[in-house]
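Chemist: Here it is: the structure, laid out below.
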Amino acid sequence: DRAAVAYFGAGPSALPTSVLETAAASLVNHNGSGLSLVEQSHRSALSGQILQNARDSFSKIINASADTHTVLFMAGGGTLQFSAVVYNLFTAWALKHPELAEKGQRGTCEYLVTGGWSSKAAEEAKRLVGEENVNVVLDTKNFHHAGEAKKFGNIPEAGQWKNNLKAGKDSAFVYFCDNETVDGVEWPKGTPVDTLGEDPDRIIVADMSSNILSRTFDASKFGVVFAGAQKNVGSTGVTIVLLRNDILKLLASGGSLPPKLTPQIPVTPVMMHYPTISKAGSLYNTLPIFDVYIASLTLAKLLQRDESGKTALQQQEDESNAKASLLYGVLDKYENIYHVVPAKSVRSRMNICFRIKEPGDEAKFLKGGEEIGLLGLKGHRSVGGIRISNYNAVGVDSVKKLAVYLEEYAKGI
Ligand code: PMP
């Protein structure tokens with residue numbers, strides 16, 4: 001029984017039961033058509049409408065206008081975007097600086113490494129364009145926190161890393177991961193874009209896979225934002241890419257298919273080429289429309305939040321913050337039992353990573369939770385410990401139930 005279970009998995013993660021029920025019916029007979037949605041052509045009017053709905057709802061929620069931004073749906077997860085941003089934005093750099101590209105230059109891309117996912121993205125860039133063209137502006141892997149080294153447990157103030165940035169005109173893009181799912185580290189709201197945006201020539205790229213739609217952000221500040229759907233938006237299979245139109249236009253000036261510019265600029269594989277995907281309305285090839293449908297239902301549900309003078313996203317943000325505060329509150333109250341891994345200033349509201357101080361007691365904690373229907377709490381295999389994922393579909397009631405368990409466990413009840 002779904003109602004008996006509270007699920008805190010890190011992704012794929014909880015989805016609203018009402019969304020799953022609608023999707024389940026559609027899997028057999030979509031809207032009385034006699035066909036399953038997975039049997040329908042991705043080019044049918046019906047699929048087109050689903051895509052349009054998802055696109056419109058997403059843009060509306062984040063307050064991004066079609067005049068300035070384009071929303072793409074792509075397959076390949078967040079991981080494909082690690083490569084796609086490199087291919088596309090080095091191409092954009094070469095199109096913008098033909099005189100430099102002709103001299104054999106290729107620009108530099110810049111990474112703020114604050115956890116496992118941004119680290120992977122930076123490694124992919126090094127593979128694609130060579131280590132010498134990747135500027136690691138910041139790497140918190142060895143940042144000491146609470147006496148422990150080699151943990152992505154903190155992010156230093158901008159003053160400590162901003163001088164490592166190149167001038168915007170020399171940089172193909174600057175990349176950061178807004179929320180590090182494995183390490184439980186989230187950039188405080190409004191950072192680091194405030195610092196990166198000081199130079200208007202800088203193209204800012206953000207991986208928001210695990211915190212998109214959990215707080216407001218100013219889309220106008222970003223060149224590219226991407227997020228796999230399987231945490232806050234829907235099911236595994238589609239990734240949302242938000243792209244600034246001036247970048248898209250520059251890329252499209254290179255031709256309708258990926259151009260071969262100079263030997264130094266890698267040719268973008270066609271499935272990653274943003275103008276190709278955009279021109280085809282995200283249907284260059286067979287997109288998993290069923291996953292777009294699930295996303296469209298979740299997005300519509302988020303938009304339904306009653307207007308109390310606050311936008312739907314602002315309300316979601318308030319709720320996410322309240323749920324996270326409740327959990328951190330209990331963990332802090334029993335600091336003789338629990339140890340929250342990251343520093344307070346960068347604690348993620350989405351992935352709450354902590355250890356049970358008593359060695360060997362984590363299995364006991366997990367087992368006790370499972371017995372009362374609290375599931376998906378095991379930390380990522382690379383770091384261990386406990387991780388509570390507090391995504392949008394994790395209800396306030398589930399969080400309250402978990403908070404009670406944390407209290408009782410700490411008191412030895
Ligand atoms: N970025 C972040 C922040 C993630 O959490 C994940 C997956 N958990 C990825 C990228 C990779 O996404 P995918 O598995 O969809 O390729």
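Lettering and numbering for the structure tokens are positional, with chains as A, B, ... in the shown order, residues counted from 1 in each chain, and ligands counted from 1 in the shown order.
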How would you report the residues lying within 9 Å of ligand 1, as a VMD selection string, if you count only C-alpha atoms and all ligand atoms?
Modeler: chain A and resid 10 to 12 75 to 82 115 to 118 120 to 121 177 to 182 207 to 211 226 to 231 236 to 239
Chemist: Would you mind listing, for every residue of range 245-331 of chain A within 8 Å of range 98-110 of chain A, the two atoms forming the shortest contact and the distance between them in Å to one decimal, using only C-alpha atoms, sorted by chain and ascending residue number, as a Markdown table?
Modeler:
```
| residue | atom | partner | partner_atom | distance |
| --- | --- | --- | --- | --- |
| A:Thr262 | CA | A:Glu102 | CA | 6.8 |
| A:Pro263 | CA | A:Gly104 | CA | 7.6 |
| A:Gln264 | CA | A:Arg106 | CA | 6.2 |
| A:Ile265 | CA | A:Arg106 | CA | 6.3 |
```
Chemist: Extract, using only C-alpha atoms, all DNA, RNA and protein residues at most 8 Å from Thr68 in chain A, discarding same-chain residues fewer than 4 positions from it, and format them as a list of chain:residue names.
Modeler: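 My list of contacting residues is A:Ala64, A:Ser220, A:Arg244, A:Asn245, A:Asp246.
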Chemist: Would you mind exporting N, CA and C atoms of the selected residues as a JSON list (two decimals), in the first residue's frame?
Modeler:
```json
[["chain", "number", "residue", "atom", "x", "y", "z"],
["A", 64, "ALA", "N", 10.21, 31.98, -17.26],
["A", 64, "ALA", "CA", 11.14, 32.23, -18.38],
["A", 64, "ALA", "C", 10.32, 32.43, -19.65],
["A", 220, "SER", "N", 17.22, 34.62, -16.34],
["A", 220, "SER", "CA", 17.95, 35.51, -17.26],
["A", 220, "SER", "C", 19.46, 35.48, -17.02],
["A", 244, "ARG", "N", 19.44, 29.85, -23.36],
["A", 244, "ARG", "CA", 19.19, 31.24, -23.72],
["A", 244, "ARG", "C", 19.18, 31.40, -25.23],
["A", 245, "ASN", "N", 18.22, 32.18, -25.74],
["A", 245, "ASN", "CA", 18.02, 32.24, -27.19],
["A", 245, "ASN", "C", 19.20, 32.83, -27.95],
["A", 246, "ASP", "N", 19.94, 33.76, -27.34],
["A", 246, "ASP", "CA", 21.07, 34.32, -28.10],
["A", 246, "ASP", "C", 22.14, 33.26, -28.34]]
```
Chemist: What parts of range 4-141 of chain A does DSSP call strand (DSSP E or B)? I'd like the answer as a VMD selection string.
Modeler: chain A and resid 6 to 7 69 to 74 108 to 113 134 to 139
Chemist: Since we have the selection now, will you write its residues out, keeping C-alpha atoms, as a tab-separated table (two decimals), in the first residue's frame?
Modeler:
```
chain	number	residue	atom	x	y	z
A	6	ALA	CA	7.28	7.12	2.91
A	7	TYR	CA	9.97	7.08	0.25
A	69	HIS	CA	14.68	31.16	-23.50
A	70	THR	CA	14.06	27.84	-25.24
A	71	VAL	CA	13.08	24.66	-23.44
A	72	LEU	CA	14.30	21.38	-24.91
A	73	PHE	CA	13.49	17.82	-23.89
A	74	MET	CA	16.30	15.40	-24.48
A	108	THR	CA	38.69	27.61	-21.97
A	109	CYS	CA	35.83	26.20	-19.97
A	110	GLU	CA	35.66	26.72	-16.25
A	111	TYR	CA	34.34	24.50	-13.47
A	112	LEU	CA	33.40	25.05	-9.85
A	113	VAL	CA	33.80	21.58	-8.37
A	134	VAL	CA	39.67	23.22	-18.54
A	135	ASN	CA	40.11	25.74	-15.73
A	136	VAL	CA	39.11	24.30	-12.37
A	137	VAL	CA	38.26	27.53	-10.56
A	138	LEU	CA	37.42	25.83	-7.31
A	139	ASP	CA	37.65	22.25	-6.06
```
Chemist: What's the 9 Å shell around range 49-61 of chain A, counting only C-alpha atoms, without same-chain residues fewer than 3 positions away, as a ChimeraX atom specification?
Modeler: /A:44-46,64-66,69-73,213,216,242,281-282,289,292-293,295-297,299-300,302-303,311-313
Chemist: Can you write just those residues out, C-alpha atoms, as an mmCIF file, in the first residue's frame?
Modeler:
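Okay, out-v4.cif is ready:
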```cif
data_model
loop_
_atom_site.group_PDB
_atom_site.id
_atom_site.type_symbol
_atom_site.label_atom_id
_atom_site.label_comp_id
_atom_site.auth_asym_id
_atom_site.auth_seq_id
_atom_site.Cartn_x
_atom_site.Cartn_y
_atom_site.Cartn_z
ATOM 1 C CA SER A 44 1.069 12.643 -33.497
ATOM 2 C CA ALA A 45 -0.941 15.736 -32.621
ATOM 3 C CA LEU A 46 -1.556 14.193 -29.225
ATOM 4 C CA ALA A 64 11.138 32.229 -18.379
ATOM 5 C CA SER A 65 9.752 33.824 -21.520
ATOM 6 C CA ALA A 66 9.927 32.183 -24.958
ATOM 7 C CA HIS A 69 14.677 31.155 -23.499
ATOM 8 C CA THR A 70 14.057 27.844 -25.243
ATOM 9 C CA VAL A 71 13.081 24.660 -23.436
ATOM 10 C CA LEU A 72 14.304 21.376 -24.911
ATOM 11 C CA PHE A 73 13.489 17.825 -23.888
ATOM 12 C CA LEU A 213 11.663 23.570 -9.096
ATOM 13 C CA THR A 216 13.014 30.348 -7.523
ATOM 14 C CA LEU A 242 16.782 25.555 -20.702
ATOM 15 C CA GLY A 281 10.833 20.811 -31.510
ATOM 16 C CA SER A 282 12.691 18.183 -29.396
ATOM 17 C CA ILE A 289 6.658 10.878 -24.762
ATOM 18 C CA VAL A 292 7.240 13.787 -20.960
ATOM 19 C CA TYR A 293 3.607 13.060 -20.079
ATOM 20 C CA ALA A 295 6.508 15.395 -16.289
ATOM 21 C CA SER A 296 3.604 17.385 -17.741
ATOM 22 C CA LEU A 297 1.254 16.003 -15.067
ATOM 23 C CA LEU A 299 4.211 20.337 -13.650
ATOM 24 C CA ALA A 300 0.463 20.929 -13.999
ATOM 25 C CA LEU A 302 2.646 22.211 -9.191
ATOM 26 C CA LEU A 303 0.954 25.035 -11.098
ATOM 27 C CA THR A 311 3.769 32.052 -7.183
ATOM 28 C CA ALA A 312 3.516 28.259 -7.292
ATOM 29 C CA LEU A 313 7.301 27.989 -7.197
#
```
Chemist: Mind pulling up the distance from CA of Gly184 in chain A to CA of Asp318 in chain A?
Modeler: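 Answer for the CA of Asp318 in chain A to CA of Gly184 in chain A separation: 19.1 Å.
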Chemist: Just want the 10 Å neighbourhood of range 340-345 of chain A, counted on only C-alpha atoms, with same-chain residues fewer than 5 positions away dropped. Output as a PyMOL selection string.
Modeler: chain A and resi 145-146+148+151-156+183-188+328+331-332+335+352-357+385-387
